[in-house]
Every structure is written in C-alpha cells, then in structure tokens.
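Q: Sharing final-v1.pdb, PDB, N, CA and C atoms:
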ATOM      1  N   VAL A   1      13.068   5.607  10.254  1.00  0.00           N
ATOM      2  CA  VAL A   1      13.467   5.916   8.899  1.00  0.00           C
ATOM      3  C   VAL A   1      14.169   4.707   8.349  1.00  0.00           C
ATOM      4  N   GLN A   2      13.753   4.279   7.191  1.00  0.00           N
ATOM      5  CA  GLN A   2      14.453   3.159   6.577  1.00  0.00           C
ATOM      6  C   GLN A   2      14.256   3.213   5.076  1.00  0.00           C
ATOM      7  N   ASN A   3      15.327   3.099   4.359  1.00  0.00           N
ATOM      8  CA  ASN A   3      15.291   2.960   2.918  1.00  0.00           C
ATOM      9  C   ASN A   3      15.799   1.572   2.569  1.00  0.00           C
ATOM     10  N   ASP A   4      15.811   1.276   1.310  1.00  0.00           N
ATOM     11  CA  ASP A   4      16.332  -0.005   0.842  1.00  0.00           C
ATOM     12  C   ASP A   4      17.758  -0.191   1.362  1.00  0.00           C
ATOM     13  N   PRO A   5      18.010  -1.268   2.111  1.00  0.00           N
ATOM     14  CA  PRO A   5      19.352  -1.444   2.689  1.00  0.00           C
ATOM     15  C   PRO A   5      20.454  -1.584   1.642  1.00  0.00           C
ATOM     16  N   TRP A   6      20.105  -1.898   0.422  1.00  0.00           N
ATOM     17  CA  TRP A   6      21.126  -2.066  -0.619  1.00  0.00           C
ATOM     18  C   TRP A   6      21.680  -0.738  -1.110  1.00  0.00           C
ATOM     19  N   ASP A   7      20.948   0.341  -0.935  1.00  0.00           N
ATOM     20  CA  ASP A   7      21.449   1.611  -1.450  1.00  0.00           C
ATOM     21  C   ASP A   7      22.253   2.399  -0.413  1.00  0.00           C
ATOM     22  N   GLY A   8      22.350   1.869   0.820  1.00  0.00           N
ATOM     23  CA  GLY A   8      23.155   2.524   1.845  1.00  0.00           C
ATOM     24  C   GLY A   8      22.553   3.804   2.378  1.00  0.00           C
ATOM     25  N   ALA A   9      21.287   4.012   2.116  1.00  0.00           N
ATOM     26  CA  ALA A   9      20.630   5.248   2.541  1.00  0.00           C
ATOM     27  C   ALA A   9      20.252   5.177   4.016  1.00  0.00           C
ATOM     28  N   LEU A  10      19.344   6.015   4.409  1.00  0.00           N
ATOM     29  CA  LEU A  10      18.981   6.166   5.807  1.00  0.00           C
ATOM     30  C   LEU A  10      18.432   4.894   6.437  1.00  0.00           C
ATOM     31  N   GLU A  11      18.892   4.632   7.644  1.00  0.00           N
ATOM     32  CA  GLU A  11      18.373   3.532   8.442  1.00  0.00           C
ATOM     33  C   GLU A  11      18.379   3.984   9.895  1.00  0.00           C
ATOM     34  N   GLY A  12      17.519   3.410  10.717  1.00  0.00           N
ATOM     35  CA  GLY A  12      17.531   3.706  12.148  1.00  0.00           C
ATOM     36  C   GLY A  12      16.543   4.774  12.544  1.00  0.00           C
ATOM     37  N   PHE A  13      16.764   5.352  13.726  1.00  0.00           N
ATOM     38  CA  PHE A  13      15.852   6.348  14.267  1.00  0.00           C
ATOM     39  C   PHE A  13      15.960   7.672  13.527  1.00  0.00           C
ATOM     40  N   PHE A  14      14.828   8.327  13.383  1.00  0.00           N
ATOM     41  CA  PHE A  14      14.723   9.638  12.756  1.00  0.00           C
ATOM     42  C   PHE A  14      15.302  10.659  13.720  1.00  0.00           C
ATOM     43  N   ASP A  15      16.282  11.440  13.293  1.00  0.00           N
ATOM     44  CA  ASP A  15      16.850  12.468  14.153  1.00  0.00           C
ATOM     45  C   ASP A  15      17.260  13.676  13.315  1.00  0.00           C
ATOM     46  N   GLN A  16      17.705  14.718  13.989  1.00  0.00           N
ATOM     47  CA  GLN A  16      18.068  15.967  13.305  1.00  0.00           C
ATOM     48  C   GLN A  16      19.178  15.749  12.290  1.00  0.00           C
ATOM     49  N   THR A  17      20.142  14.907  12.602  1.00  0.00           N
ATOM     50  CA  THR A  17      21.250  14.631  11.689  1.00  0.00           C
ATOM     51  C   THR A  17      20.742  14.040  10.382  1.00  0.00           C
ATOM     52  N   LYS A  18      19.805  13.100  10.462  1.00  0.00           N
ATOM     53  CA  LYS A  18      19.255  12.488   9.244  1.00  0.00           C
ATOM     54  C   LYS A  18      18.463  13.507   8.423  1.00  0.00           C
ATOM     55  N   VAL A  19      17.686  14.337   9.102  1.00  0.00           N
ATOM     56  CA  VAL A  19      16.931  15.367   8.385  1.00  0.00           C
ATOM     57  C   VAL A  19      17.893  16.253   7.601  1.00  0.00           C
ATOM     58  N   GLN A  20      18.928  16.751   8.269  1.00  0.00           N
ATOM     59  CA  GLN A  20      19.873  17.647   7.614  1.00  0.00           C
ATOM     60  C   GLN A  20      20.678  16.948   6.527  1.00  0.00           C
ATOM     61  N   SER A  21      20.977  15.661   6.693  1.00  0.00           N
ATOM     62  CA  SER A  21      21.757  14.944   5.682  1.00  0.00           C
ATOM     63  C   SER A  21      20.990  14.821   4.375  1.00  0.00           C
ATOM     64  N   VAL A  22      19.671  14.826   4.457  1.00  0.00           N
ATOM     65  CA  VAL A  22      18.838  14.741   3.259  1.00  0.00           C
ATOM     66  C   VAL A  22      18.585  16.131   2.674  1.00  0.00           C
ATOM     67  N   LEU A  23      18.314  17.107   3.523  1.00  0.00           N
ATOM     68  CA  LEU A  23      17.931  18.435   3.054  1.00  0.00           C
ATOM     69  C   LEU A  23      19.108  19.286   2.594  1.00  0.00           C
ATOM     70  N   SER A  24      20.177  19.304   3.356  1.00  0.00           N
ATOM     71  CA  SER A  24      21.286  20.215   3.087  1.00  0.00           C
ATOM     72  C   SER A  24      21.904  20.064   1.703  1.00  0.00           C
ATOM     73  N   PRO A  25      22.250  18.849   1.269  1.00  0.00           N
ATOM     74  CA  PRO A  25      22.878  18.722  -0.056  1.00  0.00           C
ATOM     75  C   PRO A  25      21.965  19.198  -1.192  1.00  0.00           C
ATOM     76  N   GLU A  26      20.680  19.111  -0.984  1.00  0.00           N
ATOM     77  CA  GLU A  26      19.721  19.500  -2.017  1.00  0.00           C
ATOM     78  C   GLU A  26      19.310  20.965  -1.895  1.00  0.00           C
ATOM     79  N   GLY A  27      19.743  21.627  -0.827  1.00  0.00           N
ATOM     80  CA  GLY A  27      19.361  23.015  -0.612  1.00  0.00           C
ATOM     81  C   GLY A  27      17.878  23.181  -0.295  1.00  0.00           C
ATOM     82  N   ILE A  28      17.280  22.170   0.318  1.00  0.00           N
ATOM     83  CA  ILE A  28      15.855  22.178   0.621  1.00  0.00           C
ATOM     84  C   ILE A  28      15.616  22.806   1.983  1.00  0.00           C
ATOM     85  N   SER A  29      14.608  23.657   2.046  1.00  0.00           N
ATOM     86  CA  SER A  29      14.185  24.262   3.304  1.00  0.00           C
ATOM     87  C   SER A  29      12.787  23.756   3.635  1.00  0.00           C
ATOM     88  N   LEU A  30      12.561  23.445   4.899  1.00  0.00           N
ATOM     89  CA  LEU A  30      11.242  22.972   5.311  1.00  0.00           C
ATOM     90  C   LEU A  30      10.323  24.102   5.752  1.00  0.00           C
ATOM     91  N   SER A  31      10.784  25.338   5.679  1.00  0.00           N
ATOM     92  CA  SER A  31       9.982  26.448   6.186  1.00  0.00           C
ATOM     93  C   SER A  31       8.666  26.642   5.434  1.00  0.00           C
ATOM     94  N   GLU A  32       8.589  26.233   4.184  1.00  0.00           N
ATOM     95  CA  GLU A  32       7.353  26.361   3.408  1.00  0.00           C
ATOM     96  C   GLU A  32       6.787  24.999   3.004  1.00  0.00           C
ATOM     97  N   ALA A  33       7.342  23.933   3.538  1.00  0.00           N
ATOM     98  CA  ALA A  33       6.918  22.579   3.164  1.00  0.00           C
ATOM     99  C   ALA A  33       5.682  22.127   3.925  1.00  0.00           C
ATOM    100  N   GLU A  34       4.905  21.272   3.301  1.00  0.00           N
ATOM    101  CA  GLU A  34       3.837  20.540   3.968  1.00  0.00           C
ATOM    102  C   GLU A  34       4.429  19.173   4.281  1.00  0.00           C
ATOM    103  N   VAL A  35       4.406  18.758   5.537  1.00  0.00           N
ATOM    104  CA  VAL A  35       5.021  17.497   5.946  1.00  0.00           C
ATOM    105  C   VAL A  35       3.938  16.565   6.471  1.00  0.00           C
ATOM    106  N   TYR A  36       3.929  15.350   5.951  1.00  0.00           N
ATOM    107  CA  TYR A  36       2.960  14.327   6.337  1.00  0.00           C
ATOM    108  C   TYR A  36       3.713  13.106   6.853  1.00  0.00           C
ATOM    109  N   PHE A  37       3.241  12.542   7.963  1.00  0.00           N
ATOM    110  CA  PHE A  37       3.819  11.284   8.427  1.00  0.00           C
ATOM    111  C   PHE A  37       2.802  10.526   9.257  1.00  0.00           C
ATOM    112  N   CYS A  38       3.085   9.258   9.426  1.00  0.00           N
ATOM    113  CA  CYS A  38       2.189   8.359  10.141  1.00  0.00           C
ATOM    114  C   CYS A  38       3.030   7.490  11.072  1.00  0.00           C
ATOM    115  N   GLY A  39       2.549   7.290  12.290  1.00  0.00           N
ATOM    116  CA  GLY A  39       3.277   6.438  13.211  1.00  0.00           C
ATOM    117  C   GLY A  39       2.644   6.453  14.589  1.00  0.00           C
ATOM    118  N   PRO A  40       3.182   5.651  15.482  1.00  0.00           N
ATOM    119  CA  PRO A  40       2.654   5.572  16.846  1.00  0.00           C
ATOM    120  C   PRO A  40       2.971   6.842  17.644  1.00  0.00           C
ATOM    121  N   GLY A  41       2.276   7.012  18.775  1.00  0.00           N
ATOM    122  CA  GLY A  41       2.419   8.204  19.605  1.00  0.00           C
ATOM    123  C   GLY A  41       3.846   8.532  20.001  1.00  0.00           C
ATOM    124  N   GLY A  42       4.626   7.519  20.360  1.00  0.00           N
ATOM    125  CA  GLY A  42       6.021   7.747  20.753  1.00  0.00           C
ATOM    126  C   GLY A  42       6.844   8.332  19.627  1.00  0.00           C
ATOM    127  N   MET A  43       6.575   7.887  18.410  1.00  0.00           N
ATOM    128  CA  MET A  43       7.282   8.422  17.255  1.00  0.00           C
ATOM    129  C   MET A  43       6.914   9.888  17.046  1.00  0.00           C
ATOM    130  N   GLN A  44       5.639  10.196  17.200  1.00  0.00           N
ATOM    131  CA  GLN A  44       5.206  11.584  17.031  1.00  0.00           C
ATOM    132  C   GLN A  44       5.897  12.498  18.030  1.00  0.00           C
ATOM    133  N   LYS A  45       5.987  12.058  19.284  1.00  0.00           N
ATOM    134  CA  LYS A  45       6.643  12.868  20.319  1.00  0.00           C
ATOM    135  C   LYS A  45       8.106  13.129  19.970  1.00  0.00           C
ATOM    136  N   ALA A  46       8.741  12.168  19.320  1.00  0.00           N
ATOM    137  CA  ALA A  46      10.138  12.323  18.930  1.00  0.00           C
ATOM    138  C   ALA A  46      10.285  13.164  17.670  1.00  0.00           C
ATOM    139  N   VAL A  47       9.378  13.003  16.722  1.00  0.00           N
ATOM    140  CA  VAL A  47       9.505  13.642  15.416  1.00  0.00           C
ATOM    141  C   VAL A  47       9.087  15.111  15.428  1.00  0.00           C
ATOM    142  N   PHE A  48       8.029  15.462  16.154  1.00  0.00           N
ATOM    143  CA  PHE A  48       7.550  16.847  16.163  1.00  0.00           C
ATOM    144  C   PHE A  48       8.660  17.862  16.438  1.00  0.00           C
ATOM    145  N   PRO A  49       9.412  17.719  17.544  1.00  0.00           N
ATOM    146  CA  PRO A  49      10.447  18.726  17.816  1.00  0.00           C
ATOM    147  C   PRO A  49      11.534  18.771  16.744  1.00  0.00           C
ATOM    148  N   ILE A  50      11.864  17.629  16.183  1.00  0.00           N
ATOM    149  CA  ILE A  50      12.894  17.585  15.139  1.00  0.00           C
ATOM    150  C   ILE A  50      12.430  18.359  13.918  1.00  0.00           C
ATOM    151  N   LEU A  51      11.191  18.129  13.501  1.00  0.00           N
ATOM    152  CA  LEU A  51      10.673  18.827  12.326  1.00  0.00           C
ATOM    153  C   LEU A  51      10.513  20.325  12.589  1.00  0.00           C
ATOM    154  N   LYS A  52      10.053  20.689  13.774  1.00  0.00           N
ATOM    155  CA  LYS A  52       9.912  22.113  14.094  1.00  0.00           C
ATOM    156  C   LYS A  52      11.278  22.795  14.125  1.00  0.00           C
ATOM    157  N   GLU A  53      12.268  22.110  14.679  1.00  0.00           N
ATOM    158  CA  GLU A  53      13.631  22.659  14.700  1.00  0.00           C
ATOM    159  C   GLU A  53      14.176  22.805  13.281  1.00  0.00           C
ATOM    160  N   SER A  54      13.695  21.979  12.372  1.00  0.00           N
ATOM    161  CA  SER A  54      14.120  22.036  10.977  1.00  0.00           C
ATOM    162  C   SER A  54      13.373  23.099  10.185  1.00  0.00           C
ATOM    163  N   GLY A  55      12.427  23.787  10.843  1.00  0.00           N
ATOM    164  CA  GLY A  55      11.751  24.893  10.188  1.00  0.00           C
ATOM    165  C   GLY A  55      10.313  24.646   9.774  1.00  0.00           C
ATOM    166  N   VAL A  56       9.769  23.466  10.047  1.00  0.00           N
ATOM    167  CA  VAL A  56       8.383  23.184   9.676  1.00  0.00           C
ATOM    168  C   VAL A  56       7.457  23.982  10.595  1.00  0.00           C
ATOM    169  N   LYS A  57       6.533  24.693   9.999  1.00  0.00           N
ATOM    170  CA  LYS A  57       5.557  25.459  10.785  1.00  0.00           C
ATOM    171  C   LYS A  57       4.450  24.518  11.250  1.00  0.00           C
ATOM    172  N   GLY A  58       3.942  24.730  12.468  1.00  0.00           N
ATOM    173  CA  GLY A  58       2.940  23.858  13.071  1.00  0.00           C
ATOM    174  C   GLY A  58       1.743  23.566  12.188  1.00  0.00           C
ATOM    175  N   GLY A  59       1.250  24.564  11.475  1.00  0.00           N
ATOM    176  CA  GLY A  59       0.090  24.377  10.607  1.00  0.00           C
ATOM    177  C   GLY A  59       0.379  23.583   9.352  1.00  0.00           C
ATOM    178  N   ARG A  60       1.639  23.307   9.098  1.00  0.00           N
ATOM    179  CA  ARG A  60       2.032  22.554   7.896  1.00  0.00           C
ATOM    180  C   ARG A  60       2.488  21.134   8.234  1.00  0.00           C
ATOM    181  N   LEU A  61       2.291  20.744   9.477  1.00  0.00           N
ATOM    182  CA  LEU A  61       2.685  19.422   9.947  1.00  0.00           C
ATOM    183  C   LEU A  61       1.434  18.575  10.116  1.00  0.00           C
ATOM    184  N   HIS A  62       1.328  17.512   9.323  1.00  0.00           N
ATOM    185  CA  HIS A  62       0.138  16.679   9.293  1.00  0.00           C
ATOM    186  C   HIS A  62       0.522  15.248   9.653  1.00  0.00           C
ATOM    187  N   PHE A  63      -0.291  14.599  10.474  1.00  0.00           N
ATOM    188  CA  PHE A  63       0.057  13.249  10.892  1.00  0.00           C
ATOM    189  C   PHE A  63      -1.190  12.401  11.091  1.00  0.00           C
ATOM    190  N   GLU A  64      -0.944  11.119  11.062  1.00  0.00           N
ATOM    191  CA  GLU A  64      -1.975  10.131  11.370  1.00  0.00           C
ATOM    192  C   GLU A  64      -1.365   9.192  12.392  1.00  0.00           C
ATOM    193  N   GLN A  65      -2.086   8.948  13.457  1.00  0.00           N
ATOM    194  CA  GLN A  65      -1.567   8.090  14.523  1.00  0.00           C
ATOM    195  C   GLN A  65      -2.122   6.681  14.390  1.00  0.00           C
ATOM    196  N   PHE A  66      -1.290   5.712  14.668  1.00  0.00           N
ATOM    197  CA  PHE A  66      -1.737   4.335  14.752  1.00  0.00           C
ATOM    198  C   PHE A  66      -0.987   3.645  15.879  1.00  0.00           C
ATOM    199  N   SER A  67      -1.521   2.541  16.317  1.00  0.00           N
ATOM    200  CA  SER A  67      -0.829   1.744  17.329  1.00  0.00           C
ATOM    201  C   SER A  67      -0.734   0.314  16.849  1.00  0.00           C
ATOM    202  N   MET A  68       0.289  -0.367  17.278  1.00  0.00           N
ATOM    203  CA  MET A  68       0.506  -1.752  16.859  1.00  0.00           C
ATOM    204  C   MET A  68      -0.036  -2.674  17.943  1.00  0.00           C
ATOM    205  N   GLY A  69      -0.855  -3.597  17.507  1.00  0.00           N
ATOM    206  CA  GLY A  69      -1.350  -4.610  18.421  1.00  0.00           C
ATOM    207  C   GLY A  69      -2.507  -4.257  19.189  1.00  0.00           C
TER     208      GLY A  69
END
Now, as a test, write the supplied structure out as structure tokens.
A:
Amino acid sequence: VQNDPWDGALEGFFDQTKVQSVLSPEGISLSEAEVYFCGPGGMQKAVFPILKESGVKGGRLHFEQFSMG
C-alpha cells in the first residue's frame, strides 16, 4: 500500500490496521463491496485473509496475479 508520500497517507505493508484506518472513519463496510487487486502470489496470500476478516465475501474478491522478473 502506498499513497503520495507528501500527503502522509498509507505507506508500507497492507494489514488489518490499514484497512480499518481507511474504512472506519468513513463508515464503510466491505460486506457488500466488490474488491479488485493485482499483485504477486505472496501478496495475495497476505491480502486474502485480511480482506475476508474485513468482511469481503469470497465471490466478491477479484484479483490478477503477476510476477516480477
């Protein structure tokens, strides 16, 4: 996760704390959201449980895998 470093927003590894820091203030629930992301296999293994714990249903989680190099 990385945003523009000048705005002081999210940087570093994607984790449950970052998910909640974005969703909670806005009152957003992921239970009905469609979530899309792209990244290498290791990232997917880390992100899937975090998103599911945040309420994303398996059928609403969409991804594209790529590898570097």
Q: Just want the 7 Å neighbourhood of range 13-28 of chain A, counted on all atoms listed in the file, with same-chain residues fewer than 2 positions away dropped. Output as a PDB file with N, CA and C atoms, keeping the file's coordinate frame.
A:
ATOM      1  N   VAL A   1      13.068   5.607  10.254  1.00  0.00           N
ATOM      2  CA  VAL A   1      13.467   5.916   8.899  1.00  0.00           C
ATOM      3  C   VAL A   1      14.169   4.707   8.349  1.00  0.00           C
ATOM      4  N   GLU A  11      18.892   4.632   7.644  1.00  0.00           N
ATOM      5  CA  GLU A  11      18.373   3.532   8.442  1.00  0.00           C
ATOM      6  C   GLU A  11      18.379   3.984   9.895  1.00  0.00           C
ATOM      7  N   LEU A  30      12.561  23.445   4.899  1.00  0.00           N
ATOM      8  CA  LEU A  30      11.242  22.972   5.311  1.00  0.00           C
ATOM      9  C   LEU A  30      10.323  24.102   5.752  1.00  0.00           C
ATOM     10  N   SER A  31      10.784  25.338   5.679  1.00  0.00           N
ATOM     11  CA  SER A  31       9.982  26.448   6.186  1.00  0.00           C
ATOM     12  C   SER A  31       8.666  26.642   5.434  1.00  0.00           C
ATOM     13  N   ALA A  46       8.741  12.168  19.320  1.00  0.00           N
ATOM     14  CA  ALA A  46      10.138  12.323  18.930  1.00  0.00           C
ATOM     15  C   ALA A  46      10.285  13.164  17.670  1.00  0.00           C
ATOM     16  N   VAL A  47       9.378  13.003  16.722  1.00  0.00           N
ATOM     17  CA  VAL A  47       9.505  13.642  15.416  1.00  0.00           C
ATOM     18  C   VAL A  47       9.087  15.111  15.428  1.00  0.00           C
ATOM     19  N   ILE A  50      11.864  17.629  16.183  1.00  0.00           N
ATOM     20  CA  ILE A  50      12.894  17.585  15.139  1.00  0.00           C
ATOM     21  C   ILE A  50      12.430  18.359  13.918  1.00  0.00           C
TER      22      ILE A  50
END
Q: Report as a VMD selection string the full result of the PyMOL selection byres ((chain A and resi 35) around 5) when it is applied to this structure.
A: chain A and resid 33 to 34 36 to 37 60 to 62
Q: Report, in Å to a single decimal, how far apart atom N of Gln65 in chain A and CA of Gly39 in chain A are.
A: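 Rounded to one decimal, the two atoms are 5.9 Å apart.
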Q: Which centre and edge lengths in Å to one decimal define the box along x, y and z that fits every listed atom of range 9-20 of chain A plus 4 Å per side, as AutoDock Vina command-line options?
A:
--center_x 18.0 --center_y 10.5 --center_z 8.2 --size_x 14.6 --size_y 22.2 --size_z 20.2
Q: Just how far from atom C of Gly55 in chain A is CA of Met68 in chain A, in Å to one decimal?
A: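 Going from CA of Met68 in chain A over to atom C of Gly55 in chain A covers 29.0 Å.
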Q: What is the CA of Ser29 in chain A-CA of Phe63 in chain A distance in Å, reported with one decimal?
A: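 Going from CA of Ser29 in chain A over to CA of Phe63 in chain A, I get 19.5 Å.
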Q: So, with all atoms listed in the file as the atoms that count, which of A:Phe48, A:Ser54, A:Cys38, A:Met43 lies closest to Phe66 in chain A?
A: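 Among A:Phe48, A:Ser54, A:Cys38, A:Met43, it is A:Cys38 that comes nearest to Phe66 in chain A.
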Q: Please extract the residues of chain A with a backbone DSSP assignment of strand (DSSP E or B) and present them as JSON, numbers by chain.
A: {"A": [2, 11, 35, 36, 37, 38, 39, 61, 62, 63, 64, 65]}
Q: Provide range 20-40 of chain A rebuilt to N, CA, C and O atoms, formatted as a JSON list (two decimals), in the frame of the given file.
A:
[["chain", "number", "residue", "atom", "x", "y", "z"],
["A", 20, "GLN", "N", 18.93, 16.75, 8.27],
["A", 20, "GLN", "CA", 19.87, 17.65, 7.61],
["A", 20, "GLN", "C", 20.68, 16.95, 6.53],
["A", 20, "GLN", "O", 21.01, 17.56, 5.51],
["A", 21, "SER", "N", 20.98, 15.66, 6.69],
["A", 21, "SER", "CA", 21.76, 14.94, 5.68],
["A", 21, "SER", "C", 20.99, 14.82, 4.38],
["A", 21, "SER", "O", 21.57, 14.75, 3.30],
["A", 22, "VAL", "N", 19.67, 14.83, 4.46],
["A", 22, "VAL", "CA", 18.84, 14.74, 3.26],
["A", 22, "VAL", "C", 18.58, 16.13, 2.67],
["A", 22, "VAL", "O", 18.66, 16.33, 1.46],
["A", 23, "LEU", "N", 18.31, 17.11, 3.52],
["A", 23, "LEU", "CA", 17.93, 18.43, 3.05],
["A", 23, "LEU", "C", 19.11, 19.29, 2.59],
["A", 23, "LEU", "O", 19.04, 19.94, 1.56],
["A", 24, "SER", "N", 20.18, 19.30, 3.36],
["A", 24, "SER", "CA", 21.29, 20.22, 3.09],
["A", 24, "SER", "C", 21.90, 20.06, 1.70],
["A", 24, "SER", "O", 22.07, 21.06, 1.00],
["A", 25, "PRO", "N", 22.25, 18.85, 1.27],
["A", 25, "PRO", "CA", 22.88, 18.72, -0.06],
["A", 25, "PRO", "C", 21.96, 19.20, -1.19],
["A", 25, "PRO", "O", 22.44, 19.63, -2.23],
["A", 26, "GLU", "N", 20.68, 19.11, -0.98],
["A", 26, "GLU", "CA", 19.72, 19.50, -2.02],
["A", 26, "GLU", "C", 19.31, 20.96, -1.90],
["A", 26, "GLU", "O", 18.57, 21.47, -2.73],
["A", 27, "GLY", "N", 19.74, 21.63, -0.83],
["A", 27, "GLY", "CA", 19.36, 23.02, -0.61],
["A", 27, "GLY", "C", 17.88, 23.18, -0.30],
["A", 27, "GLY", "O", 17.28, 24.20, -0.58],
["A", 28, "ILE", "N", 17.28, 22.17, 0.32],
["A", 28, "ILE", "CA", 15.86, 22.18, 0.62],
["A", 28, "ILE", "C", 15.62, 22.81, 1.98],
["A", 28, "ILE", "O", 16.30, 22.51, 2.95],
["A", 29, "SER", "N", 14.61, 23.66, 2.05],
["A", 29, "SER", "CA", 14.18, 24.26, 3.30],
["A", 29, "SER", "C", 12.79, 23.76, 3.64],
["A", 29, "SER", "O", 11.94, 23.65, 2.76],
["A", 30, "LEU", "N", 12.56, 23.44, 4.90],
["A", 30, "LEU", "CA", 11.24, 22.97, 5.31],
["A", 30, "LEU", "C", 10.32, 24.10, 5.75],
["A", 30, "LEU", "O", 9.19, 23.87, 6.13],
["A", 31, "SER", "N", 10.78, 25.34, 5.68],
["A", 31, "SER", "CA", 9.98, 26.45, 6.19],
["A", 31, "SER", "C", 8.67, 26.64, 5.43],
["A", 31, "SER", "O", 7.71, 27.14, 6.00],
["A", 32, "GLU", "N", 8.59, 26.23, 4.18],
["A", 32, "GLU", "CA", 7.35, 26.36, 3.41],
["A", 32, "GLU", "C", 6.79, 25.00, 3.00],
["A", 32, "GLU", "O", 5.87, 24.93, 2.20],
["A", 33, "ALA", "N", 7.34, 23.93, 3.54],
["A", 33, "ALA", "CA", 6.92, 22.58, 3.16],
["A", 33, "ALA", "C", 5.68, 22.13, 3.92],
["A", 33, "ALA", "O", 5.44, 22.55, 5.05],
["A", 34, "GLU", "N", 4.90, 21.27, 3.30],
["A", 34, "GLU", "CA", 3.84, 20.54, 3.97],
["A", 34, "GLU", "C", 4.43, 19.17, 4.28],
["A", 34, "GLU", "O", 4.95, 18.50, 3.39],
["A", 35, "VAL", "N", 4.41, 18.76, 5.54],
["A", 35, "VAL", "CA", 5.02, 17.50, 5.95],
["A", 35, "VAL", "C", 3.94, 16.57, 6.47],
["A", 35, "VAL", "O", 3.14, 16.93, 7.32],
["A", 36, "TYR", "N", 3.93, 15.35, 5.95],
["A", 36, "TYR", "CA", 2.96, 14.33, 6.34],
["A", 36, "TYR", "C", 3.71, 13.11, 6.85],
["A", 36, "TYR", "O", 4.70, 12.69, 6.25],
["A", 37, "PHE", "N", 3.24, 12.54, 7.96],
["A", 37, "PHE", "CA", 3.82, 11.28, 8.43],
["A", 37, "PHE", "C", 2.80, 10.53, 9.26],
["A", 37, "PHE", "O", 1.80, 11.06, 9.69],
["A", 38, "CYS", "N", 3.08, 9.26, 9.43],
["A", 38, "CYS", "CA", 2.19, 8.36, 10.14],
["A", 38, "CYS", "C", 3.03, 7.49, 11.07],
["A", 38, "CYS", "O", 4.10, 7.02, 10.68],
["A", 39, "GLY", "N", 2.55, 7.29, 12.29],
["A", 39, "GLY", "CA", 3.28, 6.44, 13.21],
["A", 39, "GLY", "C", 2.64, 6.45, 14.59],
["A", 39, "GLY", "O", 1.68, 7.17, 14.85],
["A", 40, "PRO", "N", 3.18, 5.65, 15.48],
["A", 40, "PRO", "CA", 2.65, 5.57, 16.85],
["A", 40, "PRO", "C", 2.97, 6.84, 17.64],
["A", 40, "PRO", "O", 3.81, 7.65, 17.25]]
